[in-house]
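Colleague: Structure file run_12.cif, mmCIF, C-alpha atoms, is pasted below:
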```cif
data_protein
loop_
_atom_site.label_atom_id
_atom_site.label_comp_id
_atom_site.auth_asym_id
_atom_site.auth_seq_id
_atom_site.Cartn_x
_atom_site.Cartn_y
_atom_site.Cartn_z
CA MET H 1 0.00 0.00 0.00
CA PRO H 2 1.35 3.44 -0.82
CA PRO H 3 0.53 4.71 2.65
CA GLY H 4 -2.22 7.28 2.86
CA ASP H 5 -1.92 9.51 -0.15
CA GLY H 6 -4.55 12.20 -0.46
CA ALA H 7 -6.47 10.57 -3.32
CA ARG H 8 -6.70 7.26 -1.53
CA THR H 9 -7.90 8.95 1.65
CA ARG H 10 -10.52 10.87 -0.29
CA ARG H 11 -11.72 7.65 -1.90
CA PHE H 12 -11.86 6.08 1.54
CA GLU H 13 -13.84 9.02 2.92
CA ALA H 14 -16.35 8.74 0.09
CA VAL H 15 -16.86 5.03 0.80
CA ALA H 16 -16.79 4.98 4.61
CA LEU H 17 -18.02 8.32 5.96
CA PRO H 18 -21.58 8.08 4.62
CA HIS H 19 -21.96 5.22 7.11
CA LEU H 20 -20.63 7.13 10.08
CA ALA H 21 -24.09 7.46 11.63
CA ALA H 22 -24.68 3.70 11.45
CA ALA H 23 -21.18 3.09 12.81
CA TYR H 24 -21.65 5.43 15.75
CA ASN H 25 -25.11 4.12 16.58
CA LEU H 26 -23.82 0.55 16.71
CA ALA H 27 -20.79 1.45 18.83
CA ARG H 28 -22.95 3.58 21.10
CA TRP H 29 -25.36 0.72 21.71
CA ILE H 30 -22.57 -1.79 22.31
CA CYS H 31 -20.50 0.45 24.62
CA ARG H 32 -23.52 2.15 26.24
CA ASN H 33 -21.45 5.26 26.75
CA GLU H 34 -20.92 8.28 24.52
CA ALA H 35 -17.23 9.00 24.99
CA ASP H 36 -16.11 5.40 24.55
CA ALA H 37 -18.34 4.93 21.52
CA ALA H 38 -16.76 7.97 19.86
CA ASP H 39 -13.27 6.62 20.58
CA VAL H 40 -14.21 3.19 19.28
CA VAL H 41 -15.57 4.66 16.04
CA GLN H 42 -12.54 6.84 15.54
CA GLU H 43 -10.22 3.90 16.07
CA ALA H 44 -12.33 1.70 13.81
CA VAL H 45 -12.29 4.27 11.00
CA MET H 46 -8.49 4.45 11.17
CA ARG H 47 -8.37 0.68 11.14
CA ALA H 48 -10.70 0.60 8.15
CA LEU H 49 -8.40 3.04 6.32
CA GLN H 50 -5.49 0.73 7.06
CA TYR H 51 -7.39 -2.17 5.52
CA PHE H 52 -9.04 -0.17 2.78
CA ASP H 53 -7.12 -2.09 0.13
CA SER H 54 -8.95 -5.23 1.20
CA TYR H 55 -12.28 -3.58 0.42
CA HIS H 56 -13.19 -4.65 -3.08
CA GLY H 57 -16.44 -2.79 -3.50
CA GLY H 58 -19.79 -4.11 -2.38
CA ASP H 59 -21.57 -3.50 0.88
CA ALA H 60 -19.53 -0.67 2.40
CA ARG H 61 -21.84 -0.26 5.36
CA ALA H 62 -21.53 -3.92 6.37
CA TRP H 63 -17.76 -3.77 5.83
CA LEU H 64 -17.39 -0.73 8.10
CA LEU H 65 -19.85 -2.04 10.69
CA GLN H 66 -17.92 -5.29 10.97
CA ILE H 67 -14.75 -3.37 11.82
CA VAL H 68 -16.62 -1.13 14.25
CA ARG H 69 -18.24 -4.12 15.90
CA ASN H 70 -14.86 -5.82 16.36
CA SER H 71 -13.30 -2.65 17.77
CA ALA H 72 -16.21 -2.29 20.18
CA HIS H 73 -15.80 -5.87 21.35
CA THR H 74 -12.09 -5.32 21.87
CA TRP H 75 -13.09 -2.32 23.96
CA ILE H 76 -15.48 -4.51 25.96
CA GLY H 77 -12.69 -7.04 26.47
CA LYS H 78 -10.46 -4.35 27.93
CA ASN H 79 -13.20 -3.08 30.20
CA ARG H 80 -14.53 -6.43 31.25
CA LEU H 81 -12.74 -6.31 34.60
CA ALA H 82 -14.95 -3.47 35.60
CA GLY H 83 -17.90 -5.30 34.03
CA ARG H 84 -19.83 -2.12 34.54
CA VAL H 85 -23.14 -1.56 32.97
CA ASP H 86 -23.23 2.15 32.83
CA LEU H 87 -26.76 2.21 34.09
CA GLU H 88 -26.50 5.73 35.32
CA GLN H 89 -25.74 6.95 31.84
CA LEU H 90 -28.46 4.67 30.56
CA GLU H 91 -31.01 6.24 32.88
CA SER H 92 -29.99 9.76 31.95
CA ASP H 93 -30.07 8.85 28.25
CA SER H 94 -33.49 7.44 28.53
CA ALA H 95 -34.71 10.87 29.54
CA THR H 96 -33.42 12.35 26.29
CA VAL H 97 -35.72 12.59 23.31
CA PHE H 98 -34.40 12.35 19.82
CA SER H 99 -37.88 12.35 18.38
CA GLY H 100 -38.81 14.92 15.80
CA ALA H 101 -42.54 14.65 16.57
CA GLN H 102 -44.40 17.94 16.07
CA ASP H 103 -47.52 17.30 18.13
CA PRO H 104 -46.54 17.99 21.78
CA LEU H 105 -48.78 15.25 23.23
CA ALA H 106 -47.52 12.70 20.72
CA ALA H 107 -44.00 13.82 21.53
CA VAL H 108 -44.51 13.24 25.24
CA ILE H 109 -45.93 9.78 24.66
CA ALA H 110 -43.19 8.91 22.20
CA GLN H 111 -40.64 10.13 24.71
CA ALA H 112 -42.00 8.00 27.53
CA GLU H 113 -42.20 4.91 25.34
CA GLY H 114 -38.83 5.54 23.81
CA ALA H 115 -37.25 5.96 27.21
CA ARG H 116 -38.63 2.64 28.44
CA LEU H 117 -37.55 0.79 25.34
CA ARG H 118 -34.13 2.40 25.42
CA LEU H 119 -33.58 1.26 28.97
CA ALA H 120 -34.84 -2.24 28.19
CA ILE H 121 -32.58 -2.60 25.15
CA GLY H 122 -29.62 -1.35 27.17
CA ARG H 123 -30.13 -4.19 29.61
CA LEU H 124 -30.06 -6.94 26.97
CA PRO H 125 -26.92 -9.07 26.78
CA VAL H 126 -24.57 -7.53 24.22
CA GLU H 127 -24.93 -10.48 21.78
CA GLN H 128 -28.67 -9.92 21.57
CA ARG H 129 -28.40 -6.14 21.74
CA GLU H 130 -26.11 -5.80 18.72
CA VAL H 131 -28.29 -8.08 16.60
CA LEU H 132 -31.41 -6.15 17.57
CA VAL H 133 -29.79 -2.79 16.81
CA LEU H 134 -28.57 -3.95 13.40
CA ARG H 135 -31.99 -5.33 12.52
CA GLU H 136 -34.35 -2.69 13.91
CA PHE H 137 -32.30 0.48 13.48
CA GLU H 138 -30.20 -0.35 10.43
CA ALA H 139 -32.75 -2.65 8.75
CA LEU H 140 -30.03 -5.10 7.78
CA SER H 141 -30.82 -8.62 6.56
CA TYR H 142 -30.04 -11.66 8.69
CA ARG H 143 -27.28 -12.52 6.24
CA GLN H 144 -25.65 -9.10 6.59
CA ILE H 145 -25.93 -9.29 10.37
CA ALA H 146 -24.37 -12.75 10.34
CA GLY H 147 -21.44 -11.35 8.35
CA ILE H 148 -20.96 -8.42 10.71
CA THR H 149 -21.20 -10.41 13.93
CA GLY H 150 -19.37 -13.46 12.59
CA CYS H 151 -22.01 -15.97 13.59
CA PRO H 152 -24.34 -18.25 11.62
CA ILE H 153 -27.72 -16.98 10.35
CA GLY H 154 -29.53 -19.40 12.70
CA THR H 155 -27.79 -17.77 15.64
CA VAL H 156 -28.79 -14.30 14.41
CA MET H 157 -32.38 -15.50 14.18
CA SER H 158 -32.48 -16.96 17.69
CA ARG H 159 -30.68 -13.98 19.28
CA LEU H 160 -33.10 -11.57 17.66
CA SER H 161 -36.07 -13.64 18.83
CA ARG H 162 -34.80 -13.76 22.39
CA ALA H 163 -34.13 -10.02 22.36
CA ARG H 164 -37.67 -9.30 21.18
CA ASP H 165 -39.08 -11.77 23.72
CA GLN H 166 -37.40 -9.86 26.52
CA LEU H 167 -38.55 -6.48 25.26
CA ALA H 168 -42.10 -7.77 24.83
CA GLU H 169 -42.00 -9.07 28.39
CA ILE H 170 -40.96 -5.67 29.71
CA VAL H 171 -43.51 -3.75 27.66
CA ARG H 172 -46.27 -6.15 28.73
CA GLY H 173 -45.22 -5.91 32.39
CA GLU H 174 -45.37 -2.14 32.29
CA GLN H 175 -48.76 -2.08 30.64
CA ARG H 176 -50.09 -4.26 33.44
CA ALA H 177 -48.48 -2.03 36.08
CA SER H 178 -49.82 1.24 34.70
CA PRO H 179 -53.53 1.99 35.23
CA MET X 180 -45.48 -27.87 10.39
CA THR X 181 -46.20 -28.01 14.11
CA HIS X 182 -47.45 -25.12 16.17
CA ASP X 183 -44.07 -24.77 17.94
CA GLU X 184 -42.15 -24.84 14.68
CA VAL X 185 -44.31 -22.07 13.29
CA ARG X 186 -43.90 -20.03 16.48
CA SER X 187 -40.11 -20.26 16.19
CA LEU X 188 -40.31 -18.91 12.61
CA LEU X 189 -42.64 -15.98 13.20
CA ASP X 190 -39.86 -13.46 13.83
CA ALA X 191 -38.22 -14.41 10.55
CA TYR X 192 -41.67 -14.21 8.94
CA ILE X 193 -42.13 -10.64 10.15
CA ASP X 194 -38.69 -9.77 8.81
CA ASP X 195 -39.46 -11.35 5.45
CA GLU X 196 -36.55 -13.73 5.84
CA LEU X 197 -38.33 -17.02 5.12
CA GLU X 198 -38.10 -19.06 1.95
CA LEU X 199 -41.26 -18.77 -0.14
CA ALA X 200 -42.45 -22.33 0.62
CA THR X 201 -41.84 -21.93 4.35
CA GLY X 202 -43.69 -18.61 4.34
CA VAL X 203 -46.67 -20.25 2.63
CA ALA X 204 -46.69 -23.03 5.24
CA VAL X 205 -46.56 -20.46 8.04
CA GLU X 206 -49.48 -18.56 6.55
CA ALA X 207 -51.48 -21.78 6.23
CA HIS X 208 -50.96 -22.42 9.94
CA LEU X 209 -51.81 -18.83 10.87
CA ARG X 210 -55.20 -19.11 9.19
CA GLY X 211 -56.17 -21.87 11.59
CA CYS X 212 -54.39 -20.75 14.77
CA ALA X 213 -55.77 -17.83 16.76
CA GLU X 214 -52.94 -18.04 19.30
CA CYS X 215 -50.19 -17.60 16.71
CA THR X 216 -52.19 -14.87 14.97
CA ALA X 217 -52.51 -12.93 18.23
CA TRP X 218 -48.85 -13.47 19.04
CA LEU X 219 -47.87 -12.23 15.59
CA ALA X 220 -49.99 -9.09 15.98
CA GLU X 221 -48.41 -8.30 19.33
CA ARG X 222 -44.95 -8.87 17.92
CA ARG X 223 -45.64 -6.60 14.96
CA THR X 224 -46.73 -3.86 17.35
CA LEU X 225 -43.51 -4.19 19.31
CA VAL X 226 -41.37 -4.03 16.18
CA ALA X 227 -43.32 -1.01 14.93
CA GLN X 228 -42.79 0.68 18.31
CA LEU X 229 -39.07 0.03 18.06
CA HIS X 230 -38.95 1.59 14.63
CA ALA X 231 -41.07 4.58 15.63
CA ALA X 232 -39.31 5.39 18.88
CA ALA X 233 -36.30 7.20 17.37
CA LEU X 234 -33.83 5.20 19.40
CA ARG X 235 -30.84 5.77 17.18
CA TYR X 236 -28.12 7.80 18.81
CA PRO X 237 -27.11 10.82 16.75
CA VAL X 238 -23.42 11.25 15.95
CA PRO X 239 -21.82 13.69 18.42
CA GLY X 240 -21.19 17.04 16.76
CA ASP X 241 -17.42 16.90 16.85
CA LEU X 242 -16.85 13.29 15.85
CA GLU X 243 -16.84 13.77 12.11
CA ALA X 244 -14.48 16.72 12.48
CA ARG X 245 -12.20 14.69 14.75
CA ILE X 246 -12.07 11.86 12.24
CA GLY X 247 -11.52 14.25 9.36
CA ALA X 248 -8.65 15.90 11.22
CA GLN X 249 -7.04 12.57 11.95
CA LEU X 250 -7.37 11.47 8.33
CA ARG X 251 -5.69 14.68 7.19
CA THR X 252 -2.89 14.24 9.73
CA GLN X 253 -2.39 10.76 8.34
CA ASP X 254 -2.06 12.27 4.86
CA ARG X 255 0.43 14.92 5.92
CA ARG X 256 2.48 12.34 7.75
CA TYR X 257 2.79 10.35 4.56
CA LYS X 258 3.49 13.30 2.21
CA ILE X 259 6.23 11.93 0.03
CA GLN X 260 9.66 13.25 0.93
CA PRO X 261 12.70 12.49 -1.24
CA GLN X 262 14.38 10.28 1.34
CA TRP X 263 11.25 8.12 1.40
CA PHE X 264 11.27 7.18 -2.25
CA GLY X 265 13.36 4.09 -1.65
CA ALA X 266 11.21 2.90 1.21
CA ILE X 267 7.99 3.56 -0.67
CA ALA X 268 9.27 1.76 -3.76
CA ALA X 269 10.21 -1.19 -1.56
CA GLY X 270 6.80 -1.08 0.09
CA LEU X 271 5.13 -1.06 -3.31
CA ILE X 272 7.13 -4.06 -4.42
CA VAL X 273 6.15 -5.93 -1.26
CA ALA X 274 2.52 -4.92 -1.73
CA ILE X 275 2.44 -5.91 -5.40
CA GLY X 276 4.32 -9.14 -4.64
CA GLY X 277 1.81 -9.95 -1.93
CA PHE X 278 -1.04 -9.19 -4.26
CA LEU X 279 0.34 -11.47 -6.97
CA LEU X 280 0.68 -14.27 -4.45
CA GLY X 281 -3.02 -13.90 -3.86
CA HIS X 282 -3.00 -12.50 -0.37
CA SER X 283 -2.99 -8.78 -0.10
CA TRP X 284 -4.46 -8.53 3.39
CA PRO X 285 -3.17 -7.98 5.96
CA ARG X 286 0.29 -7.46 4.54
CA PRO X 287 3.06 -9.40 6.28
CA ALA X 288 4.84 -6.37 7.75
CA ASP X 289 1.56 -5.03 9.16
CA LEU X 290 0.64 -8.48 10.32
CA ARG X 291 3.85 -8.73 12.28
CA SER X 292 3.30 -5.50 14.18
CA GLU X 293 -0.36 -6.37 14.55
CA LEU X 294 0.57 -9.70 16.15
CA VAL X 295 3.04 -8.08 18.53
CA SER X 296 0.66 -5.33 19.55
CA ALA X 297 -2.16 -7.85 19.96
CA SER X 298 -0.08 -9.91 22.34
CA VAL X 299 1.19 -6.86 24.26
CA ARG X 300 -2.35 -5.58 24.57
CA ALA X 301 -3.57 -8.96 25.75
CA MET X 302 -0.83 -9.36 28.34
CA LEU X 303 -1.34 -5.86 29.72
CA GLY X 304 -5.10 -6.14 29.72
CA PRO X 305 -7.07 -7.38 32.69
CA HIS X 306 -8.01 -10.66 30.96
CA PRO X 307 -5.23 -12.07 28.82
CA ILE X 308 -7.04 -15.40 28.72
CA ASP X 309 -10.73 -16.01 28.03
CA VAL X 310 -10.73 -19.69 28.87
CA VAL X 311 -8.32 -20.51 31.68
CA SER X 312 -7.33 -24.16 31.56
CA SER X 313 -4.28 -26.36 31.08
CA ASP X 314 -6.49 -29.06 29.62
CA HIS X 315 -6.84 -29.08 25.85
CA HIS X 316 -10.15 -30.91 26.29
CA THR X 317 -11.47 -27.68 27.77
CA VAL X 318 -9.66 -25.13 25.63
CA LYS X 319 -10.17 -26.74 22.23
CA PRO X 320 -13.97 -27.07 22.40
CA TRP X 321 -14.25 -23.53 23.75
CA LEU X 322 -12.24 -22.14 20.83
CA SER X 323 -14.15 -24.30 18.33
CA GLY X 324 -17.34 -22.80 19.69
CA GLN X 325 -16.10 -19.24 19.14
CA LEU X 326 -14.43 -19.70 15.78
CA PRO X 327 -15.32 -21.19 12.41
CA PHE X 328 -12.43 -23.67 12.81
CA SER X 329 -10.98 -25.95 15.45
CA PRO X 330 -7.30 -25.21 16.09
CA PRO X 331 -4.77 -27.74 17.43
CA VAL X 332 -4.16 -27.24 21.16
CA PRO X 333 -0.96 -29.02 22.29
CA GLU X 334 -0.55 -29.22 26.07
CA LEU X 335 3.27 -29.57 26.22
CA ALA X 336 3.33 -29.87 30.03
CA ALA X 337 5.71 -32.82 29.81
CA GLN X 338 8.18 -30.60 27.92
CA GLY X 339 8.10 -27.84 30.53
CA ASP X 340 5.63 -25.45 28.88
CA THR X 341 2.38 -24.99 30.72
CA LEU X 342 -0.75 -24.26 28.74
CA LEU X 343 -2.48 -21.38 30.55
CA GLY X 344 -5.52 -21.18 28.30
CA GLY X 345 -6.85 -19.53 25.17
CA ARG X 346 -8.71 -16.57 23.82
CA VAL X 347 -10.06 -15.19 20.57
CA ASP X 348 -8.20 -12.24 19.08
CA TYR X 349 -8.84 -10.02 16.13
CA LEU X 350 -6.30 -9.50 13.39
CA GLY X 351 -7.77 -6.80 11.23
CA SER X 352 -11.36 -7.89 11.07
CA ALA X 353 -10.60 -11.63 11.14
CA ARG X 354 -10.87 -13.73 14.26
CA VAL X 355 -8.03 -16.05 15.16
CA ALA X 356 -7.31 -18.44 18.01
CA ALA X 357 -4.67 -17.45 20.57
CA LEU X 358 -3.15 -19.93 23.02
CA VAL X 359 -1.09 -18.76 25.97
CA TYR X 360 1.77 -20.80 27.40
CA GLN X 361 4.03 -20.20 30.39
CA HIS X 362 7.70 -21.01 29.88
CA GLY X 363 9.79 -20.20 32.96
CA HIS X 364 9.08 -16.54 33.66
CA HIS X 365 7.96 -15.85 30.13
CA GLN X 366 4.66 -16.15 28.41
CA ILE X 367 4.22 -17.23 24.83
CA ASN X 368 1.23 -16.32 22.69
CA VAL X 369 0.50 -18.68 19.82
CA TYR X 370 -1.84 -17.32 17.12
CA ILE X 371 -3.52 -19.89 14.93
CA TRP X 372 -5.61 -19.61 11.78
CA PRO X 373 -6.40 -21.90 8.86
CA ARG X 374 -4.14 -21.58 5.81
CA GLY X 375 -5.73 -19.44 3.17
CA ALA X 376 -8.17 -17.87 5.63
CA LEU X 377 -6.01 -14.86 6.39
CA ALA X 378 -2.46 -14.06 5.38
CA GLU X 379 0.54 -16.31 5.18
CA ALA X 380 2.72 -16.26 8.28
CA PRO X 381 5.04 -13.25 8.63
CA ARG X 382 8.75 -13.90 8.42
CA ASP X 383 10.56 -14.66 11.69
CA GLY X 384 11.95 -11.59 13.36
CA ALA X 385 11.96 -9.21 16.28
CA LEU X 386 9.88 -6.14 17.03
CA ASP X 387 9.83 -3.97 20.14
CA GLY X 388 11.65 -6.61 22.17
CA TYR X 389 9.36 -9.42 21.08
CA HIS X 390 10.33 -12.30 18.86
CA LEU X 391 8.16 -13.89 16.25
CA THR X 392 8.43 -17.25 14.65
CA SER X 393 5.95 -19.44 12.83
CA THR X 394 5.19 -22.95 11.73
CA GLN X 395 2.50 -24.94 9.98
CA ALA X 396 0.64 -27.90 11.36
CA GLY X 397 -1.71 -29.64 8.97
CA GLN X 398 -3.99 -26.98 7.52
CA PHE X 399 -3.07 -24.39 10.16
CA ILE X 400 -0.61 -21.56 10.38
CA ALA X 401 0.71 -20.86 13.87
CA VAL X 402 2.71 -17.78 14.87
CA MET X 403 4.52 -17.67 18.21
CA VAL X 404 5.08 -14.28 19.83
CA SER X 405 7.10 -13.90 23.03
CA ASP X 406 9.82 -11.97 24.79
CA LEU X 407 11.63 -15.29 25.14
CA ALA X 408 15.13 -15.48 23.60
CA VAL X 409 15.19 -16.39 19.90
CA GLY X 410 16.75 -19.81 20.42
CA GLU X 411 14.37 -20.84 23.17
CA LEU X 412 11.38 -19.66 21.18
CA ALA X 413 12.58 -21.72 18.22
CA THR X 414 12.79 -24.89 20.33
CA PHE X 415 9.35 -24.14 21.75
CA ARG X 416 8.06 -23.80 18.19
CA ASP X 417 9.52 -27.19 17.28
CA ARG X 418 7.97 -28.86 20.33
CA TRP X 419 4.64 -27.22 19.55
CA HIS X 420 4.89 -28.23 15.90
CA ALA X 421 5.70 -31.87 16.70
CA ASP X 422 2.76 -32.20 19.07
CA ALA X 423 0.30 -30.30 16.87
CA SER X 424 1.27 -32.22 13.72
CA ALA X 425 0.90 -35.54 15.53
CA ALA X 426 -2.58 -34.48 16.64
CA THR X 427 -3.71 -33.21 13.23
CA ASP X 428 -2.27 -36.30 11.48
CA ALA X 429 -4.19 -38.49 13.88
CA GLY X 430 -7.28 -36.69 12.66
CA GLU X 431 -8.01 -35.03 15.94
CA HIS X 432 -9.69 -31.86 14.73
#
```
Translate this file's structure into structure tokens.

Modeller:
Amino acid sequence: MPPGDGARTRRFEAVALPHLAAAYNLARWICRNEADAADVVQEAVMRALQYFDSYHGGDARAWLLQIVRNSAHTWIGKNRLAGRVDLEQLESDSATVFSGAQDPLAAVIAQAEGARLRLAIGRLPVEQREVLVLREFEALSYRQIAGITGCPIGTVMSRLSRARDQLAEIVRGEQRASP
Amino acid sequence: MTHDEVRSLLDAYIDDELELATGVAVEAHLRGCAECTAWLAERRTLVAQLHAAALRYPVPGDLEARIGAQLRTQDRRYKIQPQWFGAIAAGLIVAIGGFLLGHSWPRPADLRSELVSASVRAMLGPHPIDVVSSDHHTVKPWLSGQLPFSPPVPELAAQGDTLLGGRVDYLGSARVAALVYQHGHHQINVYIWPRGALAEAPRDGALDGYHLTSTQAGQFIAVMVSDLAVGELATFRDRWHADASAATDAGEH
């Protein structure tokens, strides 16, 4: 590789940076923490540049997400000792609305529902969480998710089902609890 | 198709991931099963809620700028200076040579530093070993469960090297097996991947005080990384090779 000439970097930017939002969202959901997710994405993008010559066209989003996912798991490995679920951050996040709803009442309802779901997803095991995020928020196919997470399609299917089971359980429980 | 079989396929049905014939069979069952129909409706509501709830995290304002700045730094760092022409020409020859041999990724020189930094990172990290065991009957199945291949796992205790355990590491975006051995006061990391799956082994050498050497056992490439002296690492490699080859020849995969 002629290391990082300007033209190559620009080509890389054109291929990779359109998927920055997907990359950050995945890292953010895996790390459950804003600062670490940003570091993971930055590191992953540099890593992707390093391996850009191995990208032979095709699904750029899946290619980048695979590298991001691996970087995020390396990050988890390093932070496993602490084993911390950053629940505090999770709680404070769940109060934040990213909804663009215009109707104030609808916005309030969406916010409350979103907050509950956000908290529930944050508590899923990471293997289920990443599959759920890739399916529901990135609308990727089982095959693409299998490629990104490095596990068979059957495993993707069962992890996604278990994730949805747990969320359904929580939503149902809360409906019963509220009047 | 039984009721339970259909139930286990309903998520894939919602996601439009079923083969046509399977989808038709699921629909046939749904027509006669109120329980599955109700379950499906509830599930669809949940999925719709997930999509509607705007749960994606937006990219922090400065991240794109940070990445852009780092990419530009990278460029400046590699602006061609006259004294670099030789090195760059050599690098190009290596890269083209590698490409012609059919394996352009990761390139051997990168692979070498990647292997050393992976083993330094692992040893400094809180958990250098994912599966702690000196028994290959424990380590091998664990690795086989994590990886698309089943690497040889020699124990070597009789020869004075204690197997401490194994872990899965990333080289680039590929997953490889790593075994950790204790030899006197030194630890040895052995990285294993199937031939053809990743790159060929890097050439033997030293980097940042670590030595690298490699061998092949059956269909596998194994690279040993350690701060052990070159000679000792070479004899370790030969012991490892002898044991691993015996195991792979015996068909113990």

Colleague: Quick one: everything within 9 Å of Leu49 in chain H, counting only C-alpha atoms, minus sequence neighbours fewer than 2 positions away in the same chain. Send it as number ranges by chain.

Modeller: H: 4, 9, 12-13, 16, 44-47, 51-53; X: 250

Colleague: Grab the CA of Val185 in chain X to CA of Pro152 in chain H distance for me, in Å with one decimal place.

Modeller: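 These atoms are spaced 20.4 Å apart.
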
Colleague: What's around Ile30 in chain H at 10 Å? Count only C-alpha atoms, leave out sequence neighbours fewer than 5 positions away in its own chain, and write the answer as a PyMOL selection string.

Modeller: chain H and resi 24-25+36-37+69+72-73+75-76+122+125-127+129-130+133

Colleague: For the structure shown, which residues end up in the PyMOL selection byres ((chain X and resi 411-424) around 9)? Put them as a ChimeraX atom specification, please?

Modeller: /X:331-335,338,340,362,367,390-397,401-410,425-429

Colleague: With only C-alpha atoms as the atoms that count, which of H:Ala14, H:Ala7, H:Val131, H:Ala115 lies nearest to Leu65 in chain H?

Modeller: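 Looking only at the distances to Leu65 in chain H, the closest residue turns out to be H:Val131.
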
Colleague: I need the output of the PyMOL selection byres ((chain H and resi 157) around 9) for this file as an MDAnalysis selection string; which residues are they?

Modeller: (chainID H and resid 131 142 152:156 158:162) or (chainID X and resid 188 190:191)

Colleague: One decimal, in Å: what's the spacing between CA of Leu290 in chain X and CA of Ala357 in chain X?

Modeller: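 So the two atoms, CA of Leu290 in chain X and CA of Ala357 in chain X, lie 14.6 Å apart.
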
Colleague: Of the candidates H:Gly6, H:Ile170, H:Val68, H:Ala112, which one gets nearest to chain X if we count all atoms listed in the file?

Modeller: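 Once distances to chain X are computed over all atoms listed in the file, the minimum belongs to H:Gly6.
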
Colleague: How about completing range 37-48 of chain H with N, CA, C and O atoms and giving it to me as a PDB file, in the coordinates of the input?

Modeller:
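Produced file result.pdb, reproduced below:
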```pdb
ATOM      1  N   ALA H  37     -17.839   5.236  22.866  1.00  0.00           N
ATOM      2  CA  ALA H  37     -18.340   4.930  21.520  1.00  0.00           C
ATOM      3  C   ALA H  37     -17.632   5.801  20.487  1.00  0.00           C
ATOM      4  O   ALA H  37     -17.236   5.320  19.430  1.00  0.00           O
ATOM      5  N   ALA H  38     -17.438   7.077  20.808  1.00  0.00           N
ATOM      6  CA  ALA H  38     -16.760   7.970  19.860  1.00  0.00           C
ATOM      7  C   ALA H  38     -15.323   7.511  19.638  1.00  0.00           C
ATOM      8  O   ALA H  38     -14.835   7.476  18.504  1.00  0.00           O
ATOM      9  N   ASP H  39     -14.641   7.109  20.729  1.00  0.00           N
ATOM     10  CA  ASP H  39     -13.270   6.620  20.580  1.00  0.00           C
ATOM     11  C   ASP H  39     -13.220   5.343  19.744  1.00  0.00           C
ATOM     12  O   ASP H  39     -12.346   5.166  18.899  1.00  0.00           O
ATOM     13  N   VAL H  40     -14.164   4.457  20.016  1.00  0.00           N
ATOM     14  CA  VAL H  40     -14.210   3.190  19.280  1.00  0.00           C
ATOM     15  C   VAL H  40     -14.402   3.458  17.783  1.00  0.00           C
ATOM     16  O   VAL H  40     -13.725   2.878  16.942  1.00  0.00           O
ATOM     17  N   VAL H  41     -15.313   4.377  17.457  1.00  0.00           N
ATOM     18  CA  VAL H  41     -15.570   4.660  16.040  1.00  0.00           C
ATOM     19  C   VAL H  41     -14.343   5.280  15.393  1.00  0.00           C
ATOM     20  O   VAL H  41     -13.945   4.900  14.295  1.00  0.00           O
ATOM     21  N   GLN H  42     -13.726   6.195  16.110  1.00  0.00           N
ATOM     22  CA  GLN H  42     -12.540   6.840  15.540  1.00  0.00           C
ATOM     23  C   GLN H  42     -11.444   5.805  15.265  1.00  0.00           C
ATOM     24  O   GLN H  42     -10.843   5.780  14.194  1.00  0.00           O
ATOM     25  N   GLU H  43     -11.231   4.935  16.237  1.00  0.00           N
ATOM     26  CA  GLU H  43     -10.220   3.900  16.070  1.00  0.00           C
ATOM     27  C   GLU H  43     -10.591   2.963  14.920  1.00  0.00           C
ATOM     28  O   GLU H  43      -9.752   2.583  14.104  1.00  0.00           O
ATOM     29  N   ALA H  44     -11.872   2.620  14.851  1.00  0.00           N
ATOM     30  CA  ALA H  44     -12.330   1.700  13.810  1.00  0.00           C
ATOM     31  C   ALA H  44     -12.165   2.308  12.424  1.00  0.00           C
ATOM     32  O   ALA H  44     -11.787   1.621  11.471  1.00  0.00           O
ATOM     33  N   VAL H  45     -12.435   3.620  12.308  1.00  0.00           N
ATOM     34  CA  VAL H  45     -12.290   4.270  11.000  1.00  0.00           C
ATOM     35  C   VAL H  45     -10.821   4.246  10.560  1.00  0.00           C
ATOM     36  O   VAL H  45     -10.510   3.966   9.399  1.00  0.00           O
ATOM     37  N   MET H  46      -9.920   4.482  11.516  1.00  0.00           N
ATOM     38  CA  MET H  46      -8.490   4.450  11.170  1.00  0.00           C
ATOM     39  C   MET H  46      -8.078   3.038  10.759  1.00  0.00           C
ATOM     40  O   MET H  46      -7.280   2.832   9.862  1.00  0.00           O
ATOM     41  N   ARG H  47      -8.638   2.072  11.455  1.00  0.00           N
ATOM     42  CA  ARG H  47      -8.370   0.680  11.140  1.00  0.00           C
ATOM     43  C   ARG H  47      -8.920   0.343   9.743  1.00  0.00           C
ATOM     44  O   ARG H  47      -8.282  -0.348   8.957  1.00  0.00           O
ATOM     45  N   ALA H  48     -10.081   0.856   9.453  1.00  0.00           N
ATOM     46  CA  ALA H  48     -10.700   0.600   8.150  1.00  0.00           C
ATOM     47  C   ALA H  48      -9.837   1.210   7.041  1.00  0.00           C
ATOM     48  O   ALA H  48      -9.645   0.606   5.986  1.00  0.00           O
TER      49      ALA H  48
END
```
